[in-house]
>>> print(open('query11.cif').read())   # mmCIF, C-alpha atoms
data_entry
loop_
_atom_site.label_atom_id
_atom_site.label_comp_id
_atom_site.auth_asym_id
_atom_site.auth_seq_id
_atom_site.Cartn_x
_atom_site.Cartn_y
_atom_site.Cartn_z
CA MET A 1219 -8.95 -18.96 3.54
CA SER A 1220 -8.66 -22.06 5.72
CA ILE A 1221 -9.13 -21.82 9.47
CA LEU A 1222 -5.46 -22.68 10.15
CA ALA A 1223 -4.34 -19.98 7.74
CA GLN A 1224 -6.59 -17.46 9.48
CA ILE A 1225 -5.07 -18.39 12.84
CA PHE A 1226 -1.39 -18.44 11.91
CA THR A 1227 -0.81 -16.21 8.88
CA TRP A 1228 -0.94 -12.44 8.73
CA TRP A 1229 0.53 -11.76 5.28
CA ASP A 1230 -2.50 -12.87 3.28
CA GLY A 1231 -5.36 -11.19 5.11
CA ALA A 1232 -6.42 -10.62 8.69
CA THR A 1233 -5.90 -13.27 11.35
CA ILE A 1234 -8.78 -14.33 13.57
CA GLY A 1235 -7.29 -12.22 16.38
CA THR A 1236 -7.25 -9.11 14.21
CA ALA A 1237 -10.81 -9.71 13.06
CA LEU A 1238 -12.00 -10.18 16.66
CA PHE A 1239 -10.12 -7.09 17.83
CA SER A 1240 -11.61 -5.04 14.99
CA ALA A 1241 -15.12 -6.23 15.79
CA ARG A 1242 -14.73 -5.51 19.51
CA LYS A 1243 -12.66 -2.33 19.65
CA GLY A 1244 -13.18 -0.78 16.23
CA LYS A 1245 -15.91 0.96 14.30
CA ARG A 1246 -16.15 0.20 10.59
CA VAL A 1247 -15.74 3.49 8.76
CA GLY A 1248 -15.71 2.54 5.10
CA GLU A 1249 -14.51 0.42 2.22
CA ASP A 1250 -12.47 1.33 -0.84
CA VAL A 1251 -12.76 0.19 -4.46
CA PHE A 1252 -10.36 -2.72 -3.80
CA GLY A 1253 -12.52 -4.14 -1.00
CA ASN A 1254 -10.18 -3.06 1.83
CA ILE A 1255 -12.13 -2.25 5.01
CA TYR A 1256 -11.15 0.70 7.22
CA TYR A 1257 -11.66 0.92 10.98
CA GLN A 1258 -11.28 3.51 13.70
CA SER A 1259 -11.08 2.81 17.42
CA LYS A 1260 -14.38 3.41 19.24
CA LYS A 1261 -12.77 5.77 21.71
CA GLY A 1262 -9.85 8.10 21.20
CA GLY A 1263 -6.44 7.41 22.63
CA SER A 1264 -3.76 9.59 24.11
CA SER A 1265 -1.77 9.87 20.87
CA HIS A 1266 -4.76 10.69 18.63
CA PRO A 1267 -7.99 12.18 19.99
CA ALA A 1268 -9.79 10.83 16.92
CA GLY A 1269 -8.56 7.33 17.77
CA GLN A 1270 -6.33 4.83 16.05
CA ARG A 1271 -7.09 3.89 12.45
CA TRP A 1272 -6.30 0.69 10.58
CA VAL A 1273 -7.14 -1.27 7.46
CA ILE A 1274 -7.97 -4.91 6.85
CA TYR A 1275 -6.84 -5.76 3.36
CA ASN A 1276 -8.91 -7.70 0.88
CA GLY A 1277 -6.14 -10.15 -0.05
CA SER A 1278 -2.44 -9.80 0.55
CA ASN A 1279 -1.19 -7.25 3.04
CA ASP A 1280 0.48 -4.67 0.82
CA ALA A 1281 0.37 -1.02 1.84
CA SER A 1282 0.63 0.09 -1.78
CA ARG A 1283 -2.90 -1.28 -2.27
CA VAL A 1284 -4.33 1.56 -0.15
CA PRO A 1285 -5.68 4.33 -2.44
CA PRO A 1286 -4.25 7.83 -1.84
CA GLU A 1287 -7.49 9.21 -0.41
CA TRP A 1288 -7.66 6.49 2.26
CA HIS A 1289 -3.92 6.82 2.94
CA GLY A 1290 -4.54 10.44 3.94
CA TRP A 1291 -7.33 9.37 6.28
CA LEU A 1292 -5.26 6.56 7.84
CA HIS A 1293 -2.46 9.02 8.61
CA HIS A 1294 -4.77 11.64 10.16
CA SER A 1295 -4.25 14.17 7.35
CA TYR A 1296 -7.97 14.81 7.66
CA ASP A 1297 -10.71 13.47 9.91
CA GLU A 1298 -13.58 13.07 7.46
CA ILE A 1299 -13.86 9.89 5.41
CA PRO A 1300 -12.70 10.39 1.81
CA GLU A 1301 -16.13 10.05 0.18
CA SER A 1302 -17.42 13.09 2.08
CA HIS A 1303 -14.19 15.09 2.20
CA LEU A 1304 -12.46 14.96 -1.18
CA PRO A 1305 -13.60 16.32 -4.53
CA GLN A 1306 -14.56 13.99 -7.37
CA PRO A 1307 -11.55 12.72 -9.36
CA ARG A 1308 -10.68 14.61 -12.52
CA ILE A 1309 -11.02 12.93 -15.91
CA TRP A 1310 -7.26 13.10 -16.50
CA GLU A 1311 -6.30 11.41 -13.21
CA LYS A 1312 -5.03 7.85 -13.45
CA GLU A 1313 -6.21 5.13 -11.10
CA PRO A 1314 -3.62 4.29 -8.43
CA SER A 1315 -1.70 1.09 -8.96
CA GLY A 1316 0.03 -1.12 -6.44
CA ASN A 1317 3.74 -1.76 -6.13
CA LEU A 1318 4.67 -3.69 -9.29
CA THR A 1319 8.19 -4.59 -8.15
CA GLY A 1320 8.80 -8.32 -8.61
CA THR A 1321 5.92 -8.76 -11.04
CA PRO A 1322 6.03 -9.13 -14.83
CA ARG A 1323 4.65 -5.57 -15.11
CA ALA A 1324 7.58 -4.03 -13.17
CA TYR A 1325 9.64 -1.31 -14.84
CA ARG A 1326 12.66 -2.71 -16.66
CA PRO A 1327 15.09 -0.10 -18.01
CA ALA A 1328 17.16 -0.65 -21.12
CA GLY A 1329 20.05 -2.94 -20.27
CA ALA A 1330 18.18 -4.85 -17.55
CA LEU A 1331 18.87 -8.58 -17.50
CA GLU A 1332 15.16 -9.26 -17.96
CA LYS A 1333 15.33 -7.36 -21.25
CA GLY A 1334 18.38 -9.20 -22.58
CA GLY A 1335 21.09 -7.26 -20.77
CA HIS A 1336 22.12 -5.16 -23.76
CA ARG A 1337 22.25 -1.40 -23.59
CA ALA A 1338 23.43 1.34 -25.84
CA ALA A 1339 27.14 2.01 -25.92
CA ALA A 1340 28.36 4.75 -23.62
CA THR A 1341 29.11 8.12 -25.10
CA GLY A 1342 32.64 9.54 -25.16
CA ASP A 1343 32.41 10.85 -21.59
CA TYR A 1344 32.75 7.43 -19.97
CA GLU A 1345 35.79 5.20 -19.67
CA SER A 1346 35.43 1.88 -17.89
CA TRP A 1347 37.78 1.04 -15.04
CA ASN A 1348 40.19 -1.83 -15.57
CA PRO A 1349 41.90 -3.13 -12.41
CA ALA A 1350 44.95 -4.33 -14.34
CA GLU A 1351 45.59 -0.81 -15.56
CA ALA A 1352 45.02 0.77 -12.15
CA GLU A 1353 48.53 0.10 -10.84
#
>>> encode(input="query11.cif", output="structure tokens")
Amino acid sequence: MSILAQIFTWWDGATIGTALFSARKGKRVGEDVFGNIYYQSKKGGSSHPAGQRWVIYNGSNDASRVPPEWHGWLHHSYDEIPESHLPQPRIWEKEPSGNLTGTPRAYRPAGALEKGGHRAAATGDYESWNPAEAE
């Protein structure tokens, strides 16, 4: 990322101010499989004795890119980091995916404009409203 982008943009990674704050006031706790880095404040605050927690995303700032185990840690559901606290994932568990809204992989139900806009005819329990017949 260019130096101007690091100074002025926050939506595509951490700004220089955030990186400096994290280096000064935070303690690096861990990193997830997506390359996001997690921090905790060096000393606890009044709202959380364990201290504030935050993440610096590897890429765009999208909260759906935080895996469930780290989400629990960020929200103080448990104090231990996920690698030492949670059991190994089961073979049947799927990997978490980000928010796919607005991407080509987003869910498109039958009848969606992106799928041609045609849907199955309604069954006999539905009658469309016609404003001309309403009076």
>>> residues_around(input="query11.cif", residues="Ile1255 in chain A", least_positions_apart="2", cutoff="8 Å", atoms="only C-alpha atoms", output="ChimeraX atom specification")
/A:1246-1250,1253,1257,1273-1276
>>> residues_around(input="query11.cif", residues="range 1296-1313 of chain A", least_positions_apart="3", cutoff="9 Å", atoms="all atoms listed in the file", output="count of residues only")
10
>>> closest_residue(input="query11.cif", among="A:Arg1271, A:Thr1236, A:Tyr1344, A:Arg1326", to="Ser1295 in chain A", atoms="all atoms listed in the file")
A:Arg1271
>>> atom_distance(input="query11.cif", atom1="CA of Lys1261 in chain A", atom2="CA of Arg1283 in chain A")
26.9 Å
>>> resolve_selection(input="query11.cif", expression="the PyMOL selection byres ((chain A and resi 1282) around 12)", output="PyMOL selection string")
chain A and resi 1252+1254+1275+1278-1281+1283-1286+1288-1289+1314-1319
>>> axis_aligned_box(input="query11.cif", around="range 1317-1326 of chain A", padding_each_side="5 Å", output="JSON")
{"center_x": 8.2, "center_y": -5.2, "center_z": -11.4, "size_x": 18.9, "size_y": 17.8, "size_z": 20.5}
>>> resolve_selection(input="query11.cif", expression="the PyMOL selection byres ((chain A and resi 1244) around 7)", output="list in words")
Ser1240, Ala1241, Arg1242, Lys1243, Lys1245, Arg1246, Tyr1257, Gln1258, Ser1259 and Lys1260 of chain A
>>> write_last_selection(input="query11.cif", atoms="C-alpha atoms", output="PDB file, keeping the file's coordinate frame")
ATOM      1  CA  SER A1240     -11.610  -5.040  14.990  1.00  0.00           C
ATOM      2  CA  ALA A1241     -15.120  -6.230  15.790  1.00  0.00           C
ATOM      3  CA  ARG A1242     -14.730  -5.510  19.510  1.00  0.00           C
ATOM      4  CA  LYS A1243     -12.660  -2.330  19.650  1.00  0.00           C
ATOM      5  CA  LYS A1245     -15.910   0.960  14.300  1.00  0.00           C
ATOM      6  CA  ARG A1246     -16.150   0.200  10.590  1.00  0.00           C
ATOM      7  CA  TYR A1257     -11.660   0.920  10.980  1.00  0.00           C
ATOM      8  CA  GLN A1258     -11.280   3.510  13.700  1.00  0.00           C
ATOM      9  CA  SER A1259     -11.080   2.810  17.420  1.00  0.00           C
ATOM     10  CA  LYS A1260     -14.380   3.410  19.240  1.00  0.00           C
TER      11      LYS A1260
END
>>> atom_distance(input="query11.cif", atom1="CA of Val1251 in chain A", atom2="CA of Ala1324 in chain A")
22.5 Å
>>> residues_around(input="query11.cif", residues="Ala1338 in chain A", least_positions_apart="6", cutoff="12 Å", atoms="only C-alpha atoms", output="ChimeraX atom specification")
/A:1327-1330
>>> atom_distance(input="query11.cif", atom1="CA of His1294 in chain A", atom2="CA of Thr1233 in chain A")
25.0 Å
